[in-house]
$ cat data-v6.cif   # mmCIF, C-alpha atoms
data_upload
loop_
_atom_site.label_atom_id
_atom_site.label_comp_id
_atom_site.auth_asym_id
_atom_site.auth_seq_id
_atom_site.Cartn_x
_atom_site.Cartn_y
_atom_site.Cartn_z
CA MET A 1360 -4.41 31.12 26.18
CA MET A 1361 -5.83 27.63 26.46
CA HIS A 1362 -6.93 27.73 22.81
CA ARG A 1363 -3.46 28.60 21.54
CA PHE A 1364 -1.75 26.01 23.70
CA ILE A 1365 -3.95 23.17 22.46
CA ILE A 1366 -3.61 24.15 18.79
CA LEU A 1367 0.18 24.35 18.95
CA THR A 1368 0.50 21.00 20.68
CA LEU A 1369 -1.91 19.37 18.26
CA ILE A 1370 0.33 20.35 15.34
CA THR A 1371 3.54 19.41 17.12
CA PHE A 1372 2.23 16.03 18.19
CA PHE A 1373 0.73 15.15 14.82
CA PHE A 1374 3.79 16.03 12.75
CA SER A 1375 6.44 14.62 15.07
CA SER A 1376 9.17 12.79 13.16
CA ALA A 1377 11.31 9.64 13.31
CA SER A 1378 10.02 6.42 11.87
CA PHE A 1379 10.92 2.81 11.32
CA GLY A 1380 11.37 1.06 7.96
CA GLN A 1381 8.37 0.36 5.80
CA LEU A 1382 6.13 -2.54 6.67
CA GLU A 1383 6.87 -5.51 4.42
CA VAL A 1384 3.97 -7.73 3.37
CA ASN A 1385 4.96 -11.17 2.07
CA PHE A 1386 2.99 -13.97 0.41
CA ALA A 1387 3.85 -17.67 0.44
CA THR A 1388 2.16 -20.92 -0.58
CA ASN A 1389 3.02 -24.60 -0.86
CA ASP A 1390 0.15 -25.24 -3.28
CA ASN A 1391 0.32 -25.52 -7.05
CA PRO A 1392 -2.53 -23.89 -8.99
CA THR A 1393 -4.77 -26.51 -10.56
CA PRO A 1394 -8.00 -25.56 -12.36
CA GLY A 1395 -10.89 -26.32 -10.02
CA GLY A 1396 -8.61 -26.60 -7.00
CA THR A 1397 -7.70 -24.26 -4.16
CA MET A 1398 -4.58 -22.51 -2.92
CA ASP A 1399 -3.82 -21.59 0.70
CA ILE A 1400 -1.69 -18.44 0.83
CA ASP A 1401 0.05 -17.18 3.97
CA VAL A 1402 0.22 -13.41 4.42
CA SER A 1403 3.13 -12.48 6.70
CA VAL A 1404 4.86 -9.26 7.72
CA ASN A 1405 8.31 -7.89 8.52
CA ASN A 1406 9.18 -4.59 10.23
CA PHE A 1407 6.00 -4.62 12.34
CA ASP A 1408 7.69 -2.45 14.96
CA GLU A 1409 5.72 -0.14 17.25
CA ILE A 1410 2.76 0.04 14.87
CA VAL A 1411 -0.36 1.90 16.02
CA SER A 1412 -2.64 1.23 13.05
CA LEU A 1413 -2.59 -0.11 9.53
CA GLN A 1414 -4.67 -0.61 6.44
CA TYR A 1415 -3.67 -2.10 3.11
CA PHE A 1416 -5.35 -3.86 0.22
CA ILE A 1417 -4.43 -7.23 -1.33
CA MET A 1418 -5.31 -7.55 -5.00
CA TRP A 1419 -5.34 -10.21 -7.71
CA ASP A 1420 -7.14 -11.06 -10.97
CA SER A 1421 -10.53 -12.52 -10.03
CA LEU A 1422 -10.79 -14.20 -13.44
CA VAL A 1423 -7.94 -16.47 -12.32
CA LEU A 1424 -8.49 -16.76 -8.55
CA THR A 1425 -11.57 -16.12 -6.42
CA TYR A 1426 -11.95 -15.75 -2.67
CA ASP A 1427 -12.97 -18.81 -0.66
CA SER A 1428 -12.29 -18.21 3.04
CA ILE A 1429 -9.91 -17.07 5.77
CA ILE A 1430 -8.74 -20.30 7.33
CA SER A 1431 -6.52 -19.00 10.16
CA VAL A 1432 -5.44 -15.77 11.88
CA THR A 1433 -2.53 -15.05 14.20
CA THR A 1434 -2.84 -14.84 17.95
CA ASP A 1435 0.46 -12.95 18.21
CA LEU A 1436 -1.04 -9.54 17.34
CA PRO A 1437 -3.39 -8.21 20.03
CA GLU A 1438 -6.97 -7.59 18.89
CA PHE A 1439 -6.38 -9.00 15.40
CA PHE A 1440 -9.34 -11.16 14.44
CA VAL A 1441 -10.80 -12.64 11.27
CA SER A 1442 -13.05 -9.55 11.12
CA ASN A 1443 -9.95 -7.42 10.52
CA VAL A 1444 -9.76 -8.89 7.03
CA GLY A 1445 -12.49 -7.46 4.82
CA THR A 1446 -13.51 -10.05 2.23
CA PRO A 1447 -15.91 -10.02 -0.74
CA LEU A 1448 -18.41 -11.66 1.60
CA THR A 1449 -18.18 -9.01 4.35
CA THR A 1450 -17.55 -5.68 2.62
CA VAL A 1451 -20.36 -3.55 1.28
CA ALA A 1452 -18.77 -3.41 -2.17
CA GLY A 1453 -18.42 -7.21 -2.31
CA VAL A 1454 -15.78 -7.08 -5.05
CA ASP A 1455 -13.78 -10.26 -5.64
CA GLY A 1456 -10.05 -9.91 -6.18
CA VAL A 1457 -9.58 -7.59 -3.19
CA LEU A 1458 -9.02 -8.14 0.53
CA THR A 1459 -8.99 -5.19 2.94
CA VAL A 1460 -6.67 -5.56 5.95
CA SER A 1461 -7.06 -3.06 8.80
CA TRP A 1462 -6.03 -3.09 12.44
CA SER A 1463 -5.61 -0.94 15.53
CA GLN A 1464 -6.02 -1.61 19.22
CA GLN A 1465 -8.96 -0.07 21.03
CA SER A 1466 -6.44 1.51 23.41
CA THR A 1467 -4.54 2.97 20.38
CA LEU A 1468 -1.32 1.63 21.94
CA PRO A 1469 1.41 0.49 19.51
CA ALA A 1470 2.34 -3.18 19.10
CA SER A 1471 5.30 -5.13 17.72
CA ILE A 1472 5.48 -8.69 16.40
CA PRO A 1473 8.46 -10.74 15.16
CA ASP A 1474 9.54 -10.65 11.52
CA GLY A 1475 7.94 -13.44 9.53
CA THR A 1476 4.76 -13.58 11.61
CA THR A 1477 1.87 -14.89 9.49
CA LEU A 1478 -1.08 -12.56 10.07
CA PHE A 1479 -3.56 -14.84 8.33
CA THR A 1480 -3.97 -17.52 5.69
CA VAL A 1481 -6.43 -17.03 2.85
CA ARG A 1482 -7.86 -19.83 0.69
CA LEU A 1483 -8.46 -18.95 -2.95
CA ASN A 1484 -10.28 -20.95 -5.61
CA VAL A 1485 -8.47 -21.56 -8.90
CA GLU A 1486 -11.04 -20.46 -11.48
CA GLY A 1487 -8.74 -19.84 -14.43
CA ALA A 1488 -7.83 -22.25 -17.19
CA ALA A 1489 -4.45 -23.71 -18.04
CA CYS A 1490 -1.92 -20.99 -18.96
CA ASP A 1491 -3.84 -18.24 -17.12
CA SER A 1492 -1.78 -16.22 -14.65
CA THR A 1493 -2.02 -13.46 -12.08
CA ALA A 1494 -0.05 -12.11 -9.11
CA LEU A 1495 -1.00 -11.24 -5.54
CA THR A 1496 0.23 -7.83 -4.47
CA ILE A 1497 -0.84 -4.84 -2.39
CA GLY A 1498 -2.06 -1.49 -3.63
CA ASN A 1499 -4.36 1.48 -3.22
CA ILE A 1500 -7.98 1.78 -4.32
CA PRO A 1501 -8.29 5.38 -5.51
CA PRO A 1502 -9.55 7.87 -4.66
CA PHE A 1503 -9.73 7.38 -0.88
CA GLN A 1504 -8.70 3.84 0.07
CA ASN A 1505 -4.94 4.11 0.41
CA ILE A 1506 -2.24 2.09 2.13
CA GLU A 1507 -1.53 3.58 5.54
CA VAL A 1508 0.73 2.21 8.29
CA VAL A 1509 1.13 4.49 11.31
CA ASP A 1510 3.89 4.10 13.88
CA ALA A 1511 4.10 5.24 17.49
CA SER A 1512 5.24 8.71 16.40
CA PHE A 1513 2.13 9.07 14.22
CA ASN A 1514 4.18 8.82 11.02
CA ASP A 1515 2.74 7.01 8.01
CA ILE A 1516 5.63 4.68 7.15
CA GLY A 1517 3.79 2.94 4.30
CA ALA A 1518 4.04 -0.67 3.16
CA VAL A 1519 5.68 -2.61 0.35
CA ALA A 1520 5.23 -6.15 -0.94
CA THR A 1521 6.93 -8.61 -3.25
CA PRO A 1522 4.14 -9.87 -5.53
CA LEU A 1523 3.43 -13.60 -5.58
CA PRO A 1524 3.04 -14.80 -9.19
CA VAL A 1525 0.47 -17.53 -9.80
CA ALA A 1526 0.60 -19.26 -13.20
CA ILE A 1527 -1.65 -22.20 -14.02
CA PRO A 1528 0.44 -24.80 -15.87
CA GLY A 1529 -0.50 -25.81 -19.40
CA THR A 1530 0.95 -26.78 -22.75
CA ASP A 1531 1.98 -24.37 -25.49
CA CYS A 1532 1.13 -21.43 -23.21
CA GLU A 1533 3.29 -19.04 -25.21
CA ASN A 1534 0.89 -19.46 -28.14
CA GLY A 1535 -2.26 -19.15 -26.08
CA GLY A 1536 -2.56 -22.91 -25.68
CA GLY A 1537 -4.02 -24.82 -22.77
CA GLY A 1538 -4.81 -28.35 -21.96
CA GLY A 1539 -3.75 -30.10 -19.04
CA GLY A 1540 -1.05 -30.54 -16.80
CA GLY A 1541 2.63 -31.00 -16.80
CA GLY A 1542 5.17 -28.74 -15.22
CA GLY A 1543 4.26 -25.86 -17.53
CA THR A 1544 6.49 -23.19 -19.00
CA PRO A 1545 8.39 -20.99 -16.52
CA THR A 1546 6.86 -17.63 -15.69
CA VAL A 1547 8.55 -14.24 -15.57
CA THR A 1548 6.84 -11.57 -13.46
CA LEU A 1549 7.24 -7.81 -13.86
CA ASN A 1550 6.63 -5.86 -10.66
CA ALA A 1551 5.84 -2.18 -10.13
CA PRO A 1552 5.85 -0.96 -6.50
CA ASN A 1553 3.54 1.27 -4.49
CA LEU A 1554 5.27 4.53 -3.66
CA SER A 1555 4.37 8.08 -2.68
CA GLY A 1556 5.82 11.50 -3.40
CA ASP A 1557 5.20 15.17 -2.75
CA PRO A 1558 4.02 17.58 -5.46
CA GLY A 1559 7.05 18.83 -7.39
CA GLU A 1560 9.31 16.03 -6.13
CA ASN A 1561 11.42 13.82 -8.41
CA ILE A 1562 11.05 10.08 -7.82
CA CYS A 1563 12.68 7.06 -9.46
CA VAL A 1564 10.56 3.90 -9.48
CA PRO A 1565 12.30 0.48 -9.47
CA ILE A 1566 10.86 -2.09 -11.87
CA THR A 1567 11.72 -5.53 -10.52
CA VAL A 1568 11.36 -9.10 -11.74
CA ASN A 1569 10.74 -12.60 -10.46
CA GLY A 1570 11.56 -15.79 -12.35
CA PHE A 1571 14.09 -13.98 -14.56
CA THR A 1572 16.34 -16.98 -15.26
CA ASP A 1573 18.30 -17.81 -18.42
CA ILE A 1574 16.65 -14.97 -20.34
CA GLN A 1575 17.82 -14.28 -23.90
CA SER A 1576 15.39 -11.47 -24.78
CA ALA A 1577 12.84 -9.28 -23.01
CA GLN A 1578 10.34 -6.63 -23.99
CA ALA A 1579 7.32 -4.89 -22.47
CA GLY A 1580 5.44 -1.61 -22.32
CA LEU A 1581 4.60 0.57 -19.33
CA MET A 1582 1.77 3.07 -18.89
CA TRP A 1583 1.04 5.83 -16.33
CA ASP A 1584 -1.09 8.96 -15.94
CA PRO A 1585 0.87 11.88 -17.47
CA SER A 1586 -1.27 14.42 -15.59
CA VAL A 1587 0.21 13.03 -12.35
CA LEU A 1588 3.71 11.91 -13.39
CA SER A 1589 6.01 13.57 -15.93
CA PHE A 1590 8.72 11.28 -17.30
CA PHE A 1591 12.32 12.48 -17.33
CA GLY A 1592 14.65 9.47 -17.56
CA PHE A 1593 15.88 5.95 -16.78
CA GLN A 1594 18.65 4.70 -14.51
CA ASN A 1595 20.03 1.72 -12.57
CA PHE A 1596 19.84 -0.85 -15.38
CA GLY A 1597 20.06 -4.48 -14.30
CA LEU A 1598 21.06 -6.03 -17.64
CA THR A 1599 24.20 -5.69 -19.70
CA GLY A 1600 23.25 -3.81 -22.84
CA LEU A 1601 20.03 -2.36 -21.45
CA THR A 1602 20.42 1.43 -21.83
CA PRO A 1603 18.20 4.49 -22.35
CA GLY A 1604 18.43 3.70 -26.07
CA SER A 1605 16.57 0.43 -25.44
CA PHE A 1606 13.41 2.42 -24.68
CA ASN A 1607 10.85 4.03 -27.00
CA ILE A 1608 10.18 7.47 -25.53
CA ASN A 1609 8.11 8.88 -28.39
CA ASP A 1610 4.89 8.63 -26.35
CA VAL A 1611 6.11 9.56 -22.86
CA ASP A 1612 4.07 12.77 -22.98
CA ASN A 1613 1.02 10.49 -23.32
CA GLY A 1614 2.14 8.30 -20.42
CA MET A 1615 3.61 5.36 -22.33
CA THR A 1616 7.01 3.82 -22.95
CA GLY A 1617 8.36 0.42 -23.89
CA PHE A 1618 11.67 -1.40 -24.04
CA THR A 1619 13.30 -4.18 -26.02
CA TRP A 1620 16.44 -6.01 -24.90
CA ILE A 1621 18.35 -8.86 -26.54
CA ASP A 1622 21.51 -10.61 -25.44
CA ASN A 1623 23.50 -9.58 -28.50
CA SER A 1624 26.22 -12.12 -27.79
CA GLY A 1625 23.78 -14.98 -28.21
CA THR A 1626 25.76 -16.91 -25.62
CA ASN A 1627 25.24 -15.03 -22.33
CA PRO A 1628 21.58 -15.20 -21.29
CA ALA A 1629 20.82 -13.15 -18.19
CA THR A 1630 19.60 -14.17 -14.76
CA LEU A 1631 18.40 -11.78 -12.03
CA PRO A 1632 17.44 -12.75 -8.47
CA ASN A 1633 13.79 -12.63 -7.46
CA GLY A 1634 13.10 -9.00 -6.62
CA GLY A 1635 16.09 -7.87 -8.68
CA THR A 1636 15.86 -4.47 -10.37
CA LEU A 1637 15.45 -4.51 -14.14
CA PHE A 1638 15.58 -0.71 -14.39
CA GLU A 1639 14.31 2.44 -12.71
CA ILE A 1640 12.02 4.94 -14.43
CA CYS A 1641 12.11 8.51 -13.12
CA PHE A 1642 9.31 11.05 -12.92
CA GLN A 1643 8.60 14.52 -11.67
CA VAL A 1644 5.42 14.60 -9.59
CA VAL A 1645 3.11 17.07 -11.38
CA GLY A 1646 -0.23 15.88 -10.00
CA ALA A 1647 -2.18 17.60 -7.28
CA ALA A 1648 -1.92 16.54 -3.65
CA GLY A 1649 -4.20 13.56 -3.04
CA SER A 1650 -4.06 12.31 -6.65
CA SER A 1651 -2.48 9.05 -7.78
CA SER A 1652 -1.34 7.19 -10.87
CA THR A 1653 -1.14 3.49 -11.53
CA LEU A 1654 1.91 1.97 -13.22
CA LYS A 1655 0.67 -0.79 -15.50
CA PHE A 1656 2.55 -3.06 -17.88
CA ILE A 1657 1.03 -3.18 -21.36
CA ASP A 1658 1.61 -4.82 -24.74
CA ASN A 1659 3.50 -1.90 -26.29
CA PRO A 1660 5.54 -3.80 -27.44
CA ASP A 1661 4.01 -7.17 -26.55
CA ILE A 1662 5.12 -8.38 -23.13
CA GLU A 1663 7.45 -11.23 -24.00
CA PHE A 1664 10.43 -13.05 -22.49
CA SER A 1665 12.37 -15.88 -24.14
CA ASP A 1666 15.06 -18.15 -22.74
CA SER A 1667 18.35 -19.32 -24.24
CA ALA A 1668 16.56 -22.10 -26.11
CA GLY A 1669 14.32 -19.56 -27.83
CA THR A 1670 11.26 -20.67 -25.84
CA VAL A 1671 8.79 -17.86 -25.17
CA LEU A 1672 7.97 -17.96 -21.46
CA ASN A 1673 4.78 -17.19 -19.58
CA ALA A 1674 4.59 -13.60 -18.37
CA THR A 1675 2.58 -11.93 -15.64
CA SER A 1676 2.76 -8.55 -13.95
CA SER A 1677 1.62 -6.52 -10.96
CA ILE A 1678 0.16 -3.02 -11.01
CA GLY A 1679 1.87 -0.36 -8.91
CA THR A 1680 0.47 2.91 -7.61
CA ILE A 1681 2.23 6.24 -7.10
CA SER A 1682 0.26 8.31 -4.59
CA ILE A 1683 0.75 12.05 -4.21
CA ASN A 1684 1.00 13.08 -0.58
CA ASP A 1685 -1.74 15.39 0.64
CA ASP A 1686 -0.16 16.41 3.94
CA GLY A 1687 1.31 19.65 2.69
CA GLY A 1688 4.79 18.14 2.26
CA GLY A 1689 5.31 17.50 5.97
CA GLY A 1690 3.82 20.74 7.24
CA GLY A 1691 7.11 22.45 8.14
CA GLY A 1692 6.72 25.41 10.42
CA GLY A 1693 2.97 25.28 10.95
CA GLY A 1694 2.10 27.11 7.72
CA GLY A 1695 -0.89 26.51 5.60
CA GLY A 1696 -0.63 23.42 3.28
CA GLY A 1697 -1.83 22.66 -0.14
CA ASP A 1698 -4.97 21.03 -1.44
CA GLY A 1699 -6.31 18.21 0.71
CA ASP A 1700 -5.17 19.66 4.06
CA ILE A 1701 -7.40 19.02 7.05
CA GLY A 1702 -7.40 21.45 9.99
CA LEU A 1703 -8.00 20.40 13.60
CA ILE A 1704 -9.33 23.26 15.70
CA ALA A 1705 -9.71 23.37 19.49
CA GLY A 1706 -12.43 25.75 20.65
CA ASN A 1707 -11.99 28.81 22.86
CA VAL A 1708 -13.58 28.31 26.26
CA THR A 1709 -13.70 30.24 29.52
CA VAL A 1710 -14.22 28.37 32.76
CA ALA A 1711 -14.32 29.07 36.47
CA PRO A 1712 -11.92 27.27 38.84
CA ASP A 1713 -13.01 23.83 40.07
CA SER A 1714 -15.70 23.41 37.41
CA ASN A 1715 -16.15 21.10 34.45
CA VAL A 1716 -15.74 22.18 30.84
CA CYS A 1717 -16.06 20.43 27.49
CA VAL A 1718 -13.81 21.67 24.68
CA PRO A 1719 -15.16 21.18 21.14
CA ILE A 1720 -12.64 19.81 18.63
CA SER A 1721 -13.79 20.77 15.13
CA VAL A 1722 -12.35 20.29 11.65
CA GLU A 1723 -11.91 22.12 8.37
CA GLY A 1724 -11.51 20.41 5.00
CA PHE A 1725 -12.81 17.09 6.35
CA SER A 1726 -14.03 15.61 3.04
CA ASP A 1727 -14.01 11.98 1.79
CA VAL A 1728 -12.02 10.86 4.84
CA GLN A 1729 -11.41 7.13 5.27
CA SER A 1730 -9.31 7.27 8.46
CA ALA A 1731 -8.23 9.86 11.00
CA GLN A 1732 -5.87 10.04 13.94
CA ALA A 1733 -4.23 12.70 16.08
CA GLY A 1734 -2.91 13.44 19.53
CA ILE A 1735 -3.81 16.28 21.91
CA MET A 1736 -1.65 17.71 24.68
CA PHE A 1737 -2.72 19.97 27.53
CA ASP A 1738 -1.26 21.29 30.76
CA PRO A 1739 -2.19 18.76 33.48
CA SER A 1740 -1.47 21.31 36.19
CA LEU A 1741 -4.42 23.38 34.87
CA LEU A 1742 -6.74 20.72 33.40
CA SER A 1743 -7.66 17.22 34.54
CA PHE A 1744 -9.09 14.93 31.85
CA SER A 1745 -12.59 13.61 32.53
CA SER A 1746 -14.12 12.06 29.39
CA THR A 1747 -14.83 12.36 25.66
CA GLY A 1748 -18.26 12.66 24.03
CA ASN A 1749 -20.49 14.16 21.34
CA PHE A 1750 -18.75 12.19 18.57
CA GLY A 1751 -19.25 13.36 14.99
CA LEU A 1752 -18.21 10.17 13.16
CA PRO A 1753 -20.01 6.81 12.98
CA GLY A 1754 -18.03 4.23 14.89
CA MET A 1755 -16.09 6.77 16.94
CA SER A 1756 -16.54 6.21 20.65
CA ALA A 1757 -14.71 6.61 23.94
CA GLY A 1758 -12.93 3.38 23.04
CA SER A 1759 -11.32 5.14 20.06
CA PHE A 1760 -9.19 7.18 22.46
CA ASN A 1761 -5.95 6.28 24.23
CA THR A 1762 -6.24 7.92 27.65
CA ASN A 1763 -3.43 6.01 29.38
CA ASN A 1764 -1.32 9.18 29.54
CA ALA A 1765 -4.15 11.59 30.33
CA SER A 1766 -2.72 12.28 33.78
CA ALA A 1767 0.43 13.53 32.00
CA GLY A 1768 -1.63 15.75 29.69
CA MET A 1769 -1.78 13.56 26.58
CA ILE A 1770 -4.57 11.69 24.81
CA GLY A 1771 -4.89 10.39 21.24
CA PHE A 1772 -7.51 8.88 18.97
CA ILE A 1773 -7.72 6.64 15.92
CA TRP A 1774 -10.78 6.20 13.69
CA PHE A 1775 -11.37 4.06 10.59
CA ASP A 1776 -14.34 3.79 8.28
CA GLY A 1777 -15.03 0.16 9.10
CA THR A 1778 -17.12 -0.42 5.98
CA GLY A 1779 -14.28 0.46 3.60
CA VAL A 1780 -16.71 2.15 1.22
CA THR A 1781 -18.32 5.07 3.07
CA PRO A 1782 -15.77 7.82 3.74
CA GLN A 1783 -17.05 10.66 5.86
CA THR A 1784 -17.47 14.36 5.13
#
$ encode --input "data-v6.cif" --output "structure tokens"
Amino acid sequence: MMHRFIILTLITFFFSSASFGQLEVNFATNDNPTPGGTMDIDVSVNNFDEIVSLQYFIMWDSLVLTYDSIISVTTDLPEFFVSNVGTPLTTVAGVDGVLTVSWSQQSTLPASIPDGTTLFTVRLNVEGAACDSTALTIGNIPPFQNIEVVDASFNDIGAVATPLPVAIPGTDCENGGGGGGGGGTPTVTLNAPNLSGDPGENICVPITVNGFTDIQSAQAGLMWDPSVLSFFGFQNFGLTGLTPGSFNINDVDNGMTGFTWIDNSGTNPATLPNGGTLFEICFQVVGAAGSSSTLKFIDNPDIEFSDSAGTVLNATSSIGTISINDDGGGGGGGGGGGDGDIGLIAGNVTVAPDSNVCVPISVEGFSDVQSAQAGIMFDPSLLSFSSTGNFGLPGMSAGSFNTNNASAGMIGFIWFDGTGVTPQT
């Protein structure tokens, strides 16, 4: 009976529901990008409420900006140190244009910090030339490095970010010009978010903008993986005159569309707030559990925005990722899930009264795993927790377990691949 009890409580504890809003990651800087200079960028968070663990990835174009250093970290989040930010200098991959942010307390207890808390400040070198541009955002690194934010109920609540556009000023940027200085032409940024969905689910993805002020015309293309996402429509248009007819859908089966919009009145250029929705594109999730598709803006037609004076503005964009959940759609009712499911199995043991016993916890389907966490419940009137041991993962130790509630029959663990590049099987 002990075997059945542990298995049932493992499943119940792991799939318990109720969660807070998504973690919001925000970027801010007071520095202007100047070729050869540096920019200090604050990375702050909102909705950091009762969080047990997190990992996310900050990305930008390394041809425009390169990593220099982490110049400060918060003291408001327990056990958050400079080592919690994986940089090109500290990760095995050593790839510029990516920072890895991960955190959990050794006790696995949840923590909360006030909205607007700056987790750290990163200094980036401005390597690009005049008129070059990029945007800082967050995203996944397929196939196994995915955004994950876990709350006190062991729910992955995810994370979102408003990209920070960075455009190096120059002259005649709309025609590929350069040369120094000046205030530069305004920049419009197209943003695609990071979202997730279950196989077979319909999702609508908001395409948002920054710097969309006094715009007379707009056009751009969008590309995705049609083996993961199947297009079926548009909705929630943010511009007067932007309709489904504004889009070329001839190539949606190949994962491409594009739009063109013009203020036909010639006298009413449009303005949207930063983060305002331009439109939503809707898909059916047809990919397998664990797969993902990027959403990338492309020149089909050429990405171009012009203002009421007919000036073609600078344009930049962020890449979004749609990840297909691999948790069996929430697991309802303890049935078997789909591809990518991992099984936790507590061993059958027989023990005499007043003796010690070690219960093996084994796994099935444990392949290419970057992080793992779960809780275990037992009857404290029959069993008294002593210790953990015989760990099967590098970096897992007794310190990976929260045993504060062991006397009440509950323990939990959290494990991360600290290298960021060597998932375990």
$ residues_around --input "data-v6.cif" --residues "range 1762-1764 of chain A" --least-positions-apart "2" --cutoff "9 Å" --atoms "all atoms listed in the file" --output "list in words"
Ser1466, Thr1467, Leu1468, Phe1744, Phe1760, Ser1766, Ala1767, Gly1768, Met1769, Ile1770, Gly1771 and Phe1772 of chain A
$ write_last_selection --input "data-v6.cif" --atoms "C-alpha atoms" --output "short mmCIF file (atom, residue, chain, number, x, y, z; two decimals), in the frame of the given file"
data_model
loop_
_atom_site.label_atom_id
_atom_site.label_comp_id
_atom_site.auth_asym_id
_atom_site.auth_seq_id
_atom_site.Cartn_x
_atom_site.Cartn_y
_atom_site.Cartn_z
CA SER A 1466 -6.44 1.51 23.41
CA THR A 1467 -4.54 2.97 20.38
CA LEU A 1468 -1.32 1.63 21.94
CA PHE A 1744 -9.09 14.93 31.85
CA PHE A 1760 -9.19 7.18 22.46
CA SER A 1766 -2.72 12.28 33.78
CA ALA A 1767 0.43 13.53 32.00
CA GLY A 1768 -1.63 15.75 29.69
CA MET A 1769 -1.78 13.56 26.58
CA ILE A 1770 -4.57 11.69 24.81
CA GLY A 1771 -4.89 10.39 21.24
CA PHE A 1772 -7.51 8.88 18.97
#
$ closest_residue --input "data-v6.cif" --among "A:Ser1555, A:Gln1594, A:Asn1389, A:Asn1761" --to "Val1525 in chain A" --atoms "all atoms listed in the file"
A:Asn1389
$ residues_around --input "data-v6.cif" --residues "range 1710-1725 of chain A" --least-positions-apart "5" --cutoff "7 Å" --atoms "all atoms listed in the file" --output "list of chain:residue names"
A:Asp1700, A:Ile1701, A:Gly1702, A:Leu1703, A:Ile1704, A:Ala1705, A:Thr1784
$ write_last_selection --input "data-v6.cif" --atoms "C-alpha atoms" --output "PDB file, in the coordinates of the input"
ATOM      1  CA  ASP A1700      -5.170  19.660   4.060  1.00  0.00           C
ATOM      2  CA  ILE A1701      -7.400  19.020   7.050  1.00  0.00           C
ATOM      3  CA  GLY A1702      -7.400  21.450   9.990  1.00  0.00           C
ATOM      4  CA  LEU A1703      -8.000  20.400  13.600  1.00  0.00           C
ATOM      5  CA  ILE A1704      -9.330  23.260  15.700  1.00  0.00           C
ATOM      6  CA  ALA A1705      -9.710  23.370  19.490  1.00  0.00           C
ATOM      7  CA  THR A1784     -17.470  14.360   5.130  1.00  0.00           C
TER       8      THR A1784
END
$ resolve_selection --input "data-v6.cif" --expression "the PyMOL selection byres ((chain A and resi 1412) around 6)" --output "list in words"
Ile1410, Val1411, Leu1413, Trp1462, Ser1463, Val1508 and Val1509 of chain A
$ closest_residue --input "data-v6.cif" --among "A:Leu1752, A:Ile1608, A:Asp1573, A:Thr1480" --to "Gly1669 in chain A" --atoms "all atoms listed in the file"
A:Asp1573
$ residues_around --input "data-v6.cif" --residues "range 1611-1619 of chain A" --least-positions-apart "6" --cutoff "7 Å" --atoms "all atoms listed in the file" --output "ChimeraX atom specification"
/A:1577-1585,1590,1605,1659-1660
$ closest_residue --input "data-v6.cif" --among "A:Ser1492, A:Thr1602, A:Ser1586, A:Thr1434" --to "Thr1393 in chain A" --atoms "all atoms listed in the file"
A:Ser1492
$ resolve_selection --input "data-v6.cif" --expression "the PyMOL selection byres ((chain A and resi 1431) around 6)" --output "JSON, numbers by chain"
{"A": [1429, 1430, 1432, 1479, 1480]}
$ atom_distance --input "data-v6.cif" --atom1 "CA of Gln1504 in chain A" --atom2 "CA of Gly1635 in chain A"
28.8 Å
$ resolve_selection --input "data-v6.cif" --expression "the PyMOL selection byres ((chain A and resi 1663) around 12)" --output "PyMOL selection string"
chain A and resi 1533-1534+1546-1549+1571+1574-1580+1617-1621+1656-1662+1664-1666+1669-1676
$ atom_distance --input "data-v6.cif" --atom1 "CA of Leu1631 in chain A" --atom2 "CA of Cys1563 in chain A"
19.9 Å
$ atom_distance --input "data-v6.cif" --atom1 "CA of Ile1497 in chain A" --atom2 "CA of Met1418 in chain A"
5.8 Å
$ closest_residue --input "data-v6.cif" --among "A:Leu1588, A:Val1460, A:Ala1629, A:Leu1601" --to "Ser1651 in chain A" --atoms "all atoms listed in the file"
A:Leu1588
$ closest_residue --input "data-v6.cif" --among "A:Ala1765, A:Asn1609, A:Asn1627, A:Leu1654" --to "Pro1739 in chain A" --atoms "all atoms listed in the file"
A:Ala1765
$ closest_residue --input "data-v6.cif" --among "A:Leu1742, A:Leu1382, A:Ile1683, A:Val1728" --to "Asp1515 in chain A" --atoms "all atoms listed in the file"
A:Leu1382
$ residues_near_point --input "data-v6.cif" --point "(9.7, -8.3, -11.6)" --cutoff "7 Å" --atoms "all atoms listed in the file" --output "NGL selection string"
:A and (1548-1550 or 1566-1569 or 1634)
